[in-house]
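Asker: My file is run-v1.txt. It has compact mmCIF, C-alpha atoms and all ligand atoms:
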```txt
# COMPACT_ATOMS: atom_id res chain seq x y z
CA MET A 497 209.16 51.09 46.40
CA GLY A 498 208.39 53.07 49.56
CA ASN A 499 206.86 56.50 49.57
CA PHE A 500 209.22 59.05 47.94
CA PHE A 501 208.58 61.48 50.80
CA ASP A 502 209.52 58.97 53.53
CA LYS A 503 213.16 59.10 52.44
CA THR A 504 215.41 60.91 54.92
CA VAL A 505 218.10 63.04 53.28
CA ASP A 506 221.06 64.24 55.33
CA ARG A 507 221.09 68.01 54.78
CA LYS A 508 223.97 68.86 57.12
CA ASN A 509 226.96 70.63 55.53
CA THR A 510 225.03 71.46 52.37
CA PHE A 511 224.94 75.29 52.81
CA SER A 512 221.50 74.76 54.35
CA LEU A 513 220.06 77.69 56.32
CA LYS A 514 217.68 75.34 58.09
CA TRP A 515 220.18 72.65 59.10
CA ASP A 516 223.57 74.36 59.21
CA CYS A 517 222.75 77.59 61.02
CA CYS A 518 221.08 76.37 64.22
CA GLU A 519 223.93 77.48 66.46
CA ALA A 520 223.75 81.01 65.03
CA ARG A 521 219.94 81.20 64.97
CA PHE A 522 219.01 79.28 68.11
CA GLY A 523 222.19 79.20 70.21
CA LYS A 524 222.26 75.39 69.99
CA ALA A 525 223.61 73.36 67.07
CA ASP A 526 222.16 70.02 68.06
CA ILE A 527 218.43 70.57 67.54
CA LEU A 528 215.86 69.21 65.13
CA PRO A 529 215.19 72.15 62.79
CA MET A 530 211.46 72.62 62.07
CA TRP A 531 211.61 76.27 61.17
CA VAL A 532 212.34 78.20 57.91
CA ALA A 533 210.01 77.39 55.00
CA ASP A 534 211.79 74.82 52.89
CA MET A 535 211.13 71.09 52.79
CA ASP A 536 213.35 68.19 53.82
CA PHE A 537 212.30 66.27 50.68
CA GLN A 538 214.25 65.95 47.46
CA SER A 539 212.87 67.92 44.55
CA PRO A 540 211.06 65.96 41.81
CA PRO A 541 213.34 63.56 39.85
CA GLU A 542 212.46 65.45 36.64
CA VAL A 543 213.89 68.66 38.15
CA ILE A 544 217.04 66.90 39.32
CA GLU A 545 217.52 65.39 35.84
CA ALA A 546 217.13 68.81 34.19
CA ILE A 547 219.75 70.29 36.52
CA ILE A 548 222.20 67.43 35.95
CA ARG A 549 221.77 67.75 32.20
CA ARG A 550 222.46 71.48 32.41
CA ALA A 551 225.45 70.97 34.74
CA GLU A 552 226.94 68.45 32.32
CA HIS A 553 226.69 71.02 29.54
CA GLY A 554 229.41 72.79 31.50
CA VAL A 555 229.00 76.38 30.24
CA PHE A 556 227.26 78.69 32.70
CA GLY A 557 227.17 82.09 31.03
CA TYR A 558 224.70 84.97 31.39
CA THR A 559 221.06 84.00 31.08
CA GLU A 560 217.98 85.16 29.19
CA VAL A 561 214.49 83.84 29.96
CA SER A 562 212.99 81.96 27.04
CA GLU A 563 209.38 82.22 25.91
CA LYS A 564 209.23 78.49 26.56
CA LEU A 565 209.56 79.11 30.30
CA SER A 566 206.97 81.89 30.35
CA ASP A 567 204.61 79.65 28.36
CA ALA A 568 205.17 76.78 30.81
CA LEU A 569 204.25 79.11 33.67
CA ILE A 570 201.20 80.47 31.83
CA SER A 571 199.95 76.97 31.10
CA TRP A 572 200.53 75.94 34.73
CA ILE A 573 198.42 78.84 36.06
CA GLU A 574 195.72 78.21 33.46
CA ARG A 575 195.50 74.53 34.43
CA ARG A 576 195.69 75.01 38.17
CA ASN A 577 193.90 78.31 38.77
CA ASN A 578 191.87 78.74 35.64
CA TRP A 579 193.45 82.15 35.03
CA THR A 580 194.47 83.08 31.49
CA ILE A 581 197.62 85.17 31.40
CA ASP A 582 199.01 87.10 28.46
CA ARG A 583 202.73 86.52 27.91
CA ARG A 584 203.31 90.29 27.86
CA TRP A 585 202.32 90.49 31.54
CA VAL A 586 205.06 88.13 32.74
CA LEU A 587 208.45 89.01 34.23
CA HIS A 588 210.84 86.93 36.30
CA SER A 589 212.95 87.84 39.29
CA PRO A 590 215.38 86.09 41.65
CA GLY A 591 212.80 85.88 44.43
CA VAL A 592 209.47 86.99 45.80
CA VAL A 593 211.09 89.13 48.50
CA THR A 594 213.18 90.82 45.77
CA SER A 595 209.91 91.48 43.91
CA ILE A 596 208.25 92.93 47.01
CA ASN A 597 211.17 95.31 47.52
CA THR A 598 211.21 96.17 43.82
CA SER A 599 207.46 96.92 43.90
CA ILE A 600 207.91 99.19 46.90
CA LEU A 601 210.72 101.09 45.16
CA ALA A 602 208.90 101.25 41.81
CA PHE A 603 205.42 102.23 42.94
CA THR A 604 205.79 104.24 46.18
CA GLU A 605 207.87 107.11 47.55
CA VAL A 606 209.80 107.41 50.80
CA GLY A 607 207.29 108.11 53.59
CA ASP A 608 204.32 106.54 51.77
CA LYS A 609 202.01 104.27 53.74
CA ILE A 610 201.92 100.54 52.98
CA LEU A 611 199.44 98.16 54.63
CA ILE A 612 199.99 94.56 55.70
CA GLN A 613 197.76 92.08 57.52
CA THR A 614 199.37 90.70 60.64
CA PRO A 615 200.61 88.29 61.88
CA VAL A 616 202.50 87.87 58.63
CA TYR A 617 205.73 86.64 57.02
CA TYR A 618 208.37 88.86 58.65
CA PRO A 619 210.11 90.25 55.50
CA PHE A 620 206.89 92.15 54.78
CA TYR A 621 207.82 94.37 57.72
CA SER A 622 211.50 94.77 56.84
CA SER A 623 210.81 95.50 53.17
CA ILE A 624 208.61 98.43 54.19
CA ASN A 625 210.77 99.70 57.05
CA ASP A 626 214.12 99.29 55.28
CA ASN A 627 212.88 101.31 52.31
CA GLY A 628 211.72 104.16 54.53
CA ARG A 629 208.00 103.65 53.93
CA GLN A 630 205.40 103.82 56.72
CA LEU A 631 203.96 100.58 58.00
CA VAL A 632 200.18 100.38 58.43
CA VAL A 633 198.83 97.30 60.12
CA ASN A 634 195.46 95.58 59.74
CA SER A 635 195.44 92.83 62.39
CA LEU A 636 193.68 89.62 61.42
CA LYS A 637 190.95 88.54 63.83
CA ASN A 638 191.54 85.24 65.59
CA ASN A 639 188.05 83.86 66.14
CA ASN A 640 188.78 80.89 68.34
CA GLY A 641 191.50 79.56 66.02
CA TYR A 642 189.95 80.67 62.72
CA TYR A 643 191.55 83.82 61.31
CA GLU A 644 189.47 86.35 59.42
CA ILE A 645 189.98 89.79 57.95
CA ASP A 646 188.73 92.74 59.99
CA PHE A 647 187.16 94.57 57.05
CA GLU A 648 185.97 97.52 59.09
CA ASP A 649 189.50 98.21 60.28
CA LEU A 650 190.89 97.51 56.78
CA GLU A 651 188.63 100.15 55.23
CA LYS A 652 189.45 102.67 57.94
CA LYS A 653 193.19 102.17 57.41
CA LEU A 654 193.09 102.13 53.60
CA ALA A 655 191.15 105.38 53.65
CA GLU A 656 194.07 107.07 55.43
CA ASP A 657 196.06 107.66 52.25
CA VAL A 658 197.60 104.19 52.03
CA LYS A 659 199.36 103.72 48.66
CA MET A 660 199.98 99.98 48.60
CA MET A 661 198.73 96.81 50.26
CA ILE A 662 200.94 93.72 50.43
CA PHE A 663 198.53 90.81 50.55
CA CYS A 664 199.52 87.26 51.49
CA SER A 665 197.37 84.67 49.71
CA PRO A 666 197.36 81.93 50.98
CA HIS A 667 198.45 83.51 54.22
CA ASN A 668 201.68 82.68 56.04
CA PRO A 669 201.71 81.93 59.01
CA ILE A 670 198.01 81.40 59.74
CA GLY A 671 197.42 79.20 56.69
CA ARG A 672 194.15 80.64 55.40
CA VAL A 673 193.14 80.22 51.74
CA TRP A 674 191.04 83.34 51.24
CA LYS A 675 187.52 82.72 49.96
CA LYS A 676 186.00 84.45 46.96
CA ASP A 677 183.87 86.84 49.02
CA GLU A 678 186.89 87.82 51.13
CA LEU A 679 188.98 88.44 48.02
CA ASP A 680 186.15 90.44 46.46
CA GLN A 681 186.03 92.70 49.49
CA VAL A 682 189.80 93.22 49.62
CA ALA A 683 189.89 94.01 45.90
CA ALA A 684 186.89 96.37 46.11
CA LEU A 685 188.44 98.32 48.99
CA CYS A 686 191.79 98.65 47.22
CA LEU A 687 190.02 99.95 44.11
CA LYS A 688 187.83 102.31 46.13
CA TYR A 689 190.84 103.92 47.83
CA ASN A 690 193.21 103.62 44.86
CA VAL A 691 195.60 101.30 46.69
CA LEU A 692 197.93 99.18 44.56
CA LEU A 693 197.58 95.51 45.45
CA ILE A 694 200.76 93.42 45.64
CA SER A 695 199.59 89.83 46.04
CA ASP A 696 202.18 87.36 47.30
CA GLU A 697 200.85 83.99 46.11
CA ILE A 698 203.98 81.93 46.68
CA HIS A 699 202.03 79.30 48.66
CA SER A 700 199.20 79.02 46.14
CA ASP A 701 200.18 75.60 44.75
CA LEU A 702 200.17 73.96 48.17
CA VAL A 703 196.45 74.05 48.87
CA PHE A 704 194.71 71.20 50.70
CA LYS A 705 191.82 69.32 49.21
CA GLU A 706 188.76 71.14 50.54
CA TYR A 707 190.09 74.54 49.46
CA LYS A 708 190.62 76.43 46.22
CA HIS A 709 193.08 79.23 45.56
CA ILE A 710 191.77 82.15 43.52
CA PRO A 711 194.35 84.64 42.19
CA ILE A 712 193.00 87.99 43.38
CA ALA A 713 194.03 89.70 40.13
CA SER A 714 191.71 87.38 38.19
CA LEU A 715 188.56 88.72 39.87
CA SER A 716 187.90 91.56 37.45
CA GLN A 717 189.41 93.73 34.73
CA GLU A 718 189.83 96.56 37.27
CA THR A 719 191.72 94.36 39.74
CA LEU A 720 193.85 93.02 36.92
CA ASN A 721 194.93 96.56 36.08
CA HIS A 722 195.56 97.46 39.67
CA SER A 723 197.61 94.54 40.91
CA VAL A 724 200.95 92.78 40.85
CA THR A 725 200.94 89.01 41.47
CA LEU A 726 204.03 87.27 42.79
CA ILE A 727 204.43 83.53 42.34
CA SER A 728 207.23 81.03 42.38
CA PRO A 729 207.95 77.32 41.99
CA THR A 730 210.36 77.44 44.95
CA LYS A 731 207.97 76.54 47.78
CA THR A 732 206.04 74.04 45.66
CA PHE A 733 209.03 72.05 44.38
CA ASN A 734 211.58 72.88 47.10
CA LEU A 735 213.85 75.07 44.99
CA ALA A 736 214.46 78.03 47.32
CA GLY A 737 218.24 77.81 46.92
CA LEU A 738 217.90 78.22 43.15
CA SER A 739 216.47 81.76 43.43
CA HIS A 740 213.69 81.98 40.90
CA SER A 741 210.25 83.61 40.89
CA SER A 742 207.78 85.25 38.53
CA VAL A 743 205.85 88.49 38.50
CA ILE A 744 202.56 89.06 36.70
CA ILE A 745 201.72 92.68 35.91
CA PRO A 746 198.86 93.09 33.43
CA ASN A 747 199.09 96.90 33.54
CA LEU A 748 201.93 97.41 31.09
CA GLU A 749 202.86 100.86 32.40
CA LEU A 750 203.32 99.35 35.88
CA LYS A 751 205.22 96.46 34.33
CA ARG A 752 207.65 98.86 32.64
CA LYS A 753 208.28 100.65 35.94
CA PHE A 754 208.87 97.37 37.74
CA LYS A 755 211.30 96.17 35.06
CA ASP A 756 213.26 99.45 35.09
CA THR A 757 213.50 99.40 38.88
CA LEU A 758 214.64 95.79 39.00
CA ALA A 759 217.29 96.59 36.37
CA LYS A 760 218.55 99.51 38.51
CA THR A 761 219.13 97.19 41.47
CA GLY A 762 221.28 94.96 39.27
CA ALA A 763 219.33 91.93 40.48
CA GLY A 764 217.65 91.14 37.17
CA MET A 765 219.98 88.37 35.98
CA LEU A 766 218.54 84.94 36.70
CA ASN A 767 220.19 81.75 37.89
CA ILE A 768 220.66 79.22 35.10
CA PHE A 769 219.67 76.26 37.30
CA GLY A 770 216.62 78.12 38.60
CA LEU A 771 215.43 78.55 35.00
CA GLU A 772 215.97 74.89 34.12
CA ALA A 773 214.30 73.74 37.34
CA ALA A 774 211.28 76.04 36.91
CA GLU A 775 210.67 74.84 33.37
CA ALA A 776 210.94 71.16 34.33
CA ALA A 777 208.69 71.71 37.36
CA TYR A 778 205.95 73.53 35.47
CA THR A 779 205.91 71.09 32.58
CA ARG A 780 206.60 67.66 34.09
CA CYS A 781 205.94 67.57 37.84
CA GLU A 782 202.19 67.88 38.41
CA GLY A 783 201.93 64.22 39.49
CA TRP A 784 204.73 64.71 42.02
CA LEU A 785 202.91 67.73 43.46
CA LYS A 786 199.71 65.72 43.82
CA ASP A 787 201.60 63.11 45.87
CA LEU A 788 203.35 65.80 47.91
CA ILE A 789 200.02 67.36 48.92
CA LEU A 790 198.68 63.97 50.00
CA TYR A 791 201.78 63.42 52.11
CA LEU A 792 201.56 66.88 53.67
CA GLU A 793 197.86 66.35 54.45
CA SER A 794 198.68 63.17 56.22
CA ASN A 795 201.57 64.82 58.14
CA LEU A 796 199.16 67.54 59.18
CA GLU A 797 196.66 64.97 60.38
CA THR A 798 199.40 63.18 62.35
CA LEU A 799 200.56 66.45 63.91
CA THR A 800 197.05 67.59 64.84
CA GLN A 801 196.03 64.27 66.36
CA TYR A 802 199.32 63.93 68.21
CA PHE A 803 198.95 67.30 69.91
CA GLU A 804 195.26 66.73 70.63
CA LYS A 805 195.99 63.41 72.30
CA ASN A 806 199.35 63.98 73.95
CA VAL A 807 199.93 67.72 74.27
CA PRO A 808 196.58 69.41 74.81
CA GLY A 809 198.35 72.62 75.92
CA ILE A 810 199.27 73.24 72.27
CA LYS A 811 196.43 74.05 69.94
CA VAL A 812 197.07 73.58 66.21
CA ILE A 813 195.59 76.30 64.02
CA ARG A 814 194.88 74.01 61.10
CA PRO A 815 196.30 75.45 57.86
CA GLU A 816 194.23 75.26 54.68
CA ALA A 817 197.44 75.48 52.63
CA THR A 818 201.23 75.34 53.09
CA TYR A 819 203.34 73.08 55.26
CA LEU A 820 203.53 75.53 58.12
CA ALA A 821 201.27 75.16 61.13
CA TRP A 822 200.62 77.97 63.59
CA LEU A 823 200.69 76.62 67.11
CA ASP A 824 198.83 78.38 69.90
CA CYS A 825 201.00 77.74 72.97
CA SER A 826 199.25 80.25 75.23
CA ALA A 827 197.85 77.53 77.50
CA LEU A 828 201.34 76.21 78.32
CA PRO A 829 202.85 77.22 81.67
CA VAL A 830 205.74 78.94 79.81
CA PRO A 831 205.81 82.72 79.43
CA ALA A 832 205.46 83.73 75.76
CA GLU A 833 208.87 85.41 75.68
CA LYS A 834 210.50 82.18 76.86
CA LEU A 835 208.78 79.80 74.40
CA LYS A 836 211.57 79.82 71.82
CA ALA A 837 214.22 79.07 74.48
CA PHE A 838 212.00 76.39 75.99
CA PHE A 839 211.50 74.54 72.71
CA THR A 840 215.17 74.97 71.74
CA PHE A 841 216.87 74.01 74.99
CA LYS A 842 214.34 71.75 76.72
CA ALA A 843 212.80 70.00 73.71
CA GLY A 844 215.68 70.33 71.23
CA VAL A 845 213.34 71.50 68.46
CA GLY A 846 213.83 74.72 66.51
CA MET A 847 210.62 76.46 65.41
CA ASN A 848 209.89 80.03 64.30
CA ASP A 849 208.96 82.21 67.25
CA GLY A 850 205.46 83.64 66.78
CA ILE A 851 206.46 87.13 67.85
CA THR A 852 208.63 87.56 64.72
CA PHE A 853 205.39 87.62 62.68
CA GLY A 854 204.00 90.53 64.69
CA LYS A 855 202.58 91.26 68.12
CA GLU A 856 199.63 88.94 67.38
CA GLY A 857 202.13 86.06 67.37
CA TYR A 858 202.88 86.43 71.07
CA GLY A 859 202.36 82.96 72.60
CA PHE A 860 202.57 81.18 69.22
CA GLN A 861 205.21 79.12 67.40
CA ARG A 862 205.29 78.15 63.72
CA ILE A 863 206.22 74.56 62.95
CA ASN A 864 207.32 73.29 59.54
CA PHE A 865 205.90 69.81 58.91
CA ALA A 866 207.38 69.25 55.42
CA CYS A 867 209.65 66.42 56.46
CA PRO A 868 209.61 62.60 56.43
CA ARG A 869 207.12 61.15 58.93
CA THR A 870 209.98 59.72 61.06
CA LEU A 871 211.42 63.21 61.58
CA LEU A 872 207.99 64.64 62.31
CA MET A 873 207.39 61.98 64.95
CA GLU A 874 210.82 62.61 66.45
CA GLY A 875 210.01 66.32 66.79
CA LEU A 876 206.56 65.71 68.25
CA GLN A 877 207.93 63.26 70.81
CA LYS A 878 210.68 65.69 71.85
CA ILE A 879 208.05 68.40 72.39
CA GLU A 880 205.78 66.06 74.33
CA LYS A 881 208.63 64.92 76.62
CA ALA A 882 209.75 68.46 77.43
CA ILE A 883 206.19 69.55 78.19
CA ALA A 884 205.57 66.52 80.40
CA LYS A 885 208.44 67.69 82.62
CA LEU A 886 206.95 71.14 83.24
C1 LIG B 901 204.68 84.51 52.00
C2 LIG B 901 206.09 84.33 51.54
N1 LIG B 901 206.60 85.13 50.60
C3 LIG B 901 207.86 85.00 50.15
C4 LIG B 901 208.69 84.01 50.65
C5 LIG B 901 210.11 83.90 50.18
O1 LIG B 901 210.18 84.00 48.82
P1 LIG B 901 211.59 84.07 48.07
O2 LIG B 901 212.46 83.03 48.66
O3 LIG B 901 211.23 83.83 46.64
O4 LIG B 901 212.11 85.46 48.30
C6 LIG B 901 208.20 83.14 51.65
C7 LIG B 901 209.07 82.10 52.22
O5 LIG B 901 208.80 81.54 53.24
C8 LIG B 901 206.87 83.31 52.09
O6 LIG B 901 206.35 82.51 53.03
```
Kindly transcribe the structure held in the file into structure tokens.
Ligand SMILES: Cc1ncc(COP(=O)(O)O)c(C=O)c1O
Answerer:
Amino acid sequence: MGNFFDKTVDRKNTFSLKWDCCEARFGKADILPMWVADMDFQSPPEVIEAIIRRAEHGVFGYTEVSEKLSDALISWIERRNNWTIDRRWVLHSPGVVTSINTSILAFTEVGDKILIQTPVYYPFYSSINDNGRQLVVNSLKNNNGYYEIDFEDLEKKLAEDVKMMIFCSPHNPIGRVWKKDELDQVAALCLKYNVLLISDEIHSDLVFKEYKHIPIASLSQETLNHSVTLISPTKTFNLAGLSHSSVIIPNLELKRKFKDTLAKTGAGMLNIFGLEAAEAAYTRCEGWLKDLILYLESNLETLTQYFEKNVPGIKVIRPEATYLAWLDCSALPVPAEKLKAFFTFKAGVGMNDGITFGKEGYGFQRINFACPRTLLMEGLQKIEKAIAKL
């Protein structure tokens, strides 16, 4: 049997944002989509079986989360991150972005300042702006392709009456897995200035071998009480269309507020297939994840070597986690504002334009390499050909 992840699955006409919306998003239908963060692989067979079993049951009424699912999640985090969670701290929601918006509504007021570290996943901006809160930006420092936190600037900004920090760990799009001393400093500053820490850890299961994810809440009792951790099986097991995520809030007063606010939005009811899939994933799919990470590591190696050898104008900022690589295209003879059009119309490849992640993304593109090797190679060759013609 060949490698599970080598199998190409036709995703066209499947309500796929990545594959069916290229005309609307890029102005060209016939491109190879290497953008939005889902994978072109099938989910683990155990997840598919659980969904089929549930579909065959044939009754799809209102849902309630069972303790079995919370326990599966707790055991997963204990095994993978060595963090012991009390079942009373756990809630579930239809998505991490829903949980970010809910946190903003529950824990801040209109006009309050919220800090993010840029470049960053673009809904961080819209969640703050759309809810009428003030955006405060702490730019990450790009030290010759290695991104670090500017702690001096972070302290200065947090001291200016910031109420909440939305932290991305591991970080999308620059792919850092924050080290213990970096996490310690972020946590200490948030505690010092009484800033509530919302830690988006959706990418925390997809960490490459030399690195280790540490949940920031697990650093100390104080951080535990002063943080909300957002996690989800959707990136890890490719379940984004099933709308499921979890929220860990050890401070029970904060948890109550979050729960009440989520209920007010009416978005608290969970998808029956998301629940089945999450439980199967957390209890039966660790081996699959191990194989997935090996495959992603080897795709990353292929991508990095290919650009080094054939397209030296593109520098890969090597991610320590996730299947998204941040490409520095500033050495190409294409103006930054024309990069997206160049890759779309000249190469026929759709990537995320760096500028959507913040001004620091000017001259960058984000490529999604979670696809079978044949598709990856097709995309890389298309890019190489278009650049050769410049
Ligand atoms: C950092 C980060 N948070 C949240 C999400 C989306 O989460 P959800 O689909 O659960 O709203 C993504 C998806 O790319 C992401 O990269």
Asker: Mind listing the residues within 9 Å of ligand LIG 901 (chain B), all atoms listed in the file counted, as an mmCIF file with C-alpha atoms, in the coordinates of the input?
Answerer:
```
data_model
loop_
_atom_site.group_PDB
_atom_site.id
_atom_site.type_symbol
_atom_site.label_atom_id
_atom_site.label_comp_id
_atom_site.auth_asym_id
_atom_site.auth_seq_id
_atom_site.Cartn_x
_atom_site.Cartn_y
_atom_site.Cartn_z
ATOM 1 C CA VAL A 532 212.340 78.200 57.910
ATOM 2 C CA ALA A 533 210.010 77.390 55.000
ATOM 3 C CA ASP A 534 211.790 74.820 52.890
ATOM 4 C CA SER A 589 212.950 87.840 39.290
ATOM 5 C CA PRO A 590 215.380 86.090 41.650
ATOM 6 C CA GLY A 591 212.800 85.880 44.430
ATOM 7 C CA VAL A 592 209.470 86.990 45.800
ATOM 8 C CA VAL A 593 211.090 89.130 48.500
ATOM 9 C CA THR A 594 213.180 90.820 45.770
ATOM 10 C CA SER A 595 209.910 91.480 43.910
ATOM 11 C CA ILE A 596 208.250 92.930 47.010
ATOM 12 C CA VAL A 616 202.500 87.870 58.630
ATOM 13 C CA TYR A 617 205.730 86.640 57.020
ATOM 14 C CA TYR A 618 208.370 88.860 58.650
ATOM 15 C CA PRO A 619 210.110 90.250 55.500
ATOM 16 C CA PHE A 620 206.890 92.150 54.780
ATOM 17 C CA PHE A 663 198.530 90.810 50.550
ATOM 18 C CA CYS A 664 199.520 87.260 51.490
ATOM 19 C CA SER A 665 197.370 84.670 49.710
ATOM 20 C CA PRO A 666 197.360 81.930 50.980
ATOM 21 C CA HIS A 667 198.450 83.510 54.220
ATOM 22 C CA ASN A 668 201.680 82.680 56.040
ATOM 23 C CA PRO A 669 201.710 81.930 59.010
ATOM 24 C CA ASP A 696 202.180 87.360 47.300
ATOM 25 C CA GLU A 697 200.850 83.990 46.110
ATOM 26 C CA ILE A 698 203.980 81.930 46.680
ATOM 27 C CA HIS A 699 202.030 79.300 48.660
ATOM 28 C CA LEU A 726 204.030 87.270 42.790
ATOM 29 C CA ILE A 727 204.430 83.530 42.340
ATOM 30 C CA SER A 728 207.230 81.030 42.380
ATOM 31 C CA PRO A 729 207.950 77.320 41.990
ATOM 32 C CA THR A 730 210.360 77.440 44.950
ATOM 33 C CA LYS A 731 207.970 76.540 47.780
ATOM 34 C CA LEU A 735 213.850 75.070 44.990
ATOM 35 C CA ALA A 736 214.460 78.030 47.320
ATOM 36 C CA GLY A 737 218.240 77.810 46.920
ATOM 37 C CA SER A 739 216.470 81.760 43.430
ATOM 38 C CA HIS A 740 213.690 81.980 40.900
ATOM 39 C CA SER A 741 210.250 83.610 40.890
ATOM 40 C CA SER A 742 207.780 85.250 38.530
ATOM 41 C CA THR A 818 201.230 75.340 53.090
#
```
Asker: Please give the centre and size of the box around segment 845-848 of chain A (axis-aligned, containing every atom listed in the file, 5 Å added per side), with values in Å to one decimal and written as lines of an AutoDock Vina configuration file.
Answerer:
```
center_x = 211.9
center_y = 75.8
center_z = 66.4
size_x = 13.9
size_y = 18.5
size_z = 14.2
```
Asker: Between A:Glu856, A:Gln717, A:Leu748, A:Gly641, which one has atoms that come closest to Pro815 of chain A, using all atoms listed in the file?
Answerer: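 Residue with the minimum atom-to-atom distance to Pro815 of chain A: A:Gly641.
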Asker: Using only C-alpha atoms, which residues sit within 10 Å of segment 626-638 of chain A once same-chain residues fewer than 6 positions away are excluded, as a PyMOL selection string?
Answerer: chain A and resi 597+600-601+604-616+619-620+644-654+656+658+660-661+670+813+854-856
Asker: Compare A:Trp515, A:Phe500, A:Trp585, A:Phe522 by their minimum atom-to-atom distance to Ile744 of chain A, counting only C-alpha atoms, and give me the closest one.
Answerer: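 With only C-alpha atoms as the atom set, the closest residue is A:Trp585.
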Asker: I need every residue sitting at most 9 Å from the point (214.6, 73.7, 70.1) (coordinates as in the file, only C-alpha atoms considered), written as an NGL selection string.
Answerer: :A and (522 or 524 or 526-530 or 836-847 or 879)
Asker: Kindly give the distance, in Å, that separates atom CA of Ala774 of chain A and atom CA of Leu565 of chain A, rounded to a single decimal.
Answerer: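 Pair atom CA of Ala774 of chain A / atom CA of Leu565 of chain A returns 7.5 Å.
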Asker: Nearest to Arg549 of chain A among A:Arg584, A:Lys508, A:Phe733, A:Glu772, with distances taken over all atoms listed in the file: which residue is it?
Answerer: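 So, comparing all the options, the nearest one is A:Glu772.
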Asker: Take atom CA of Glu804 of chain A and atom CA of Glu880 of chain A and report the distance between them in Å, one decimal.
Answerer: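 These atoms are spaced 11.2 Å apart.
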Asker: Using all atoms listed in the file, pick whichever of A:Cys867, A:Val807, A:Val703, A:Ala821 has the shortest atom-to-atom distance to Ala884 of chain A.
Answerer: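 Of A:Cys867, A:Val807, A:Val703, A:Ala821, the one nearest Ala884 of chain A is A:Val807, counting all atoms listed in the file.
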Asker: Please measure the separation of atom CA of Ile745 of chain A and atom CA of His709 of chain A, giving the value in Å to one decimal.
Answerer: 18.7 Å
Asker: Asp502 of chain A: which residues within 9 Å, counting only C-alpha atoms, same-chain residues fewer than 4 positions away excluded, as a list of chain:residue names?
Answerer: A:Gly498, A:Phe537, A:Cys867, A:Pro868, A:Arg869, A:Thr870
Asker: Closest to Lys675 of chain A among A:Lys688, A:Lys708, A:Lys811, A:Lys503, using all atoms listed in the file?
Answerer: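 That would be A:Lys708, the residue with the smallest distance to Lys675 of chain A.
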Asker: List the neighbours of Asp787 of chain A out to 12 Å using all atoms listed in the file; skip same-chain residues closer than 3 positions along the sequence, and give me the result as a PyMOL selection string.
Answerer: chain A and resi 499-502+540+702+704+732-733+781-784+790-794
Asker: Ranking A:Val673, A:Leu715, A:Leu823, A:Ala602 by minimum distance to Leu692 of chain A and counting only C-alpha atoms, which one comes first?
Answerer: A:Ala602
Asker: For His722 of chain A, find every residue with an atom within 12 Å (counting all atoms listed in the file), except residues of its own chain fewer than 3 positions away, and show them as a VMD selection string.
Answerer: chain A and resid 603 659 to 661 683 to 695 712 to 719 725 744 to 751
Asker: Can you write out the residues you just picked, keeping C-alpha atoms, as a compact mmCIF listing (two decimals), in the coordinates of the input?
Answerer:
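Result saved to out38.txt:
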```
# COMPACT_ATOMS: atom_id res chain seq x y z
CA PHE A 603 205.42 102.23 42.94
CA LYS A 659 199.36 103.72 48.66
CA MET A 660 199.98 99.98 48.60
CA MET A 661 198.73 96.81 50.26
CA ALA A 683 189.89 94.01 45.90
CA ALA A 684 186.89 96.37 46.11
CA LEU A 685 188.44 98.32 48.99
CA CYS A 686 191.79 98.65 47.22
CA LEU A 687 190.02 99.95 44.11
CA LYS A 688 187.83 102.31 46.13
CA TYR A 689 190.84 103.92 47.83
CA ASN A 690 193.21 103.62 44.86
CA VAL A 691 195.60 101.30 46.69
CA LEU A 692 197.93 99.18 44.56
CA LEU A 693 197.58 95.51 45.45
CA ILE A 694 200.76 93.42 45.64
CA SER A 695 199.59 89.83 46.04
CA ILE A 712 193.00 87.99 43.38
CA ALA A 713 194.03 89.70 40.13
CA SER A 714 191.71 87.38 38.19
CA LEU A 715 188.56 88.72 39.87
CA SER A 716 187.90 91.56 37.45
CA GLN A 717 189.41 93.73 34.73
CA GLU A 718 189.83 96.56 37.27
CA THR A 719 191.72 94.36 39.74
CA THR A 725 200.94 89.01 41.47
CA ILE A 744 202.56 89.06 36.70
CA ILE A 745 201.72 92.68 35.91
CA PRO A 746 198.86 93.09 33.43
CA ASN A 747 199.09 96.90 33.54
CA LEU A 748 201.93 97.41 31.09
CA GLU A 749 202.86 100.86 32.40
CA LEU A 750 203.32 99.35 35.88
CA LYS A 751 205.22 96.46 34.33
```
Asker: Excluding Leu569 of chain A and its own-chain neighbours fewer than 5 positions away, which residues fall within 9 Å of it when counting only C-alpha atoms? Please give them as a PyMOL selection string.
Answerer: chain A and resi 564+574+742+774-775+778-779
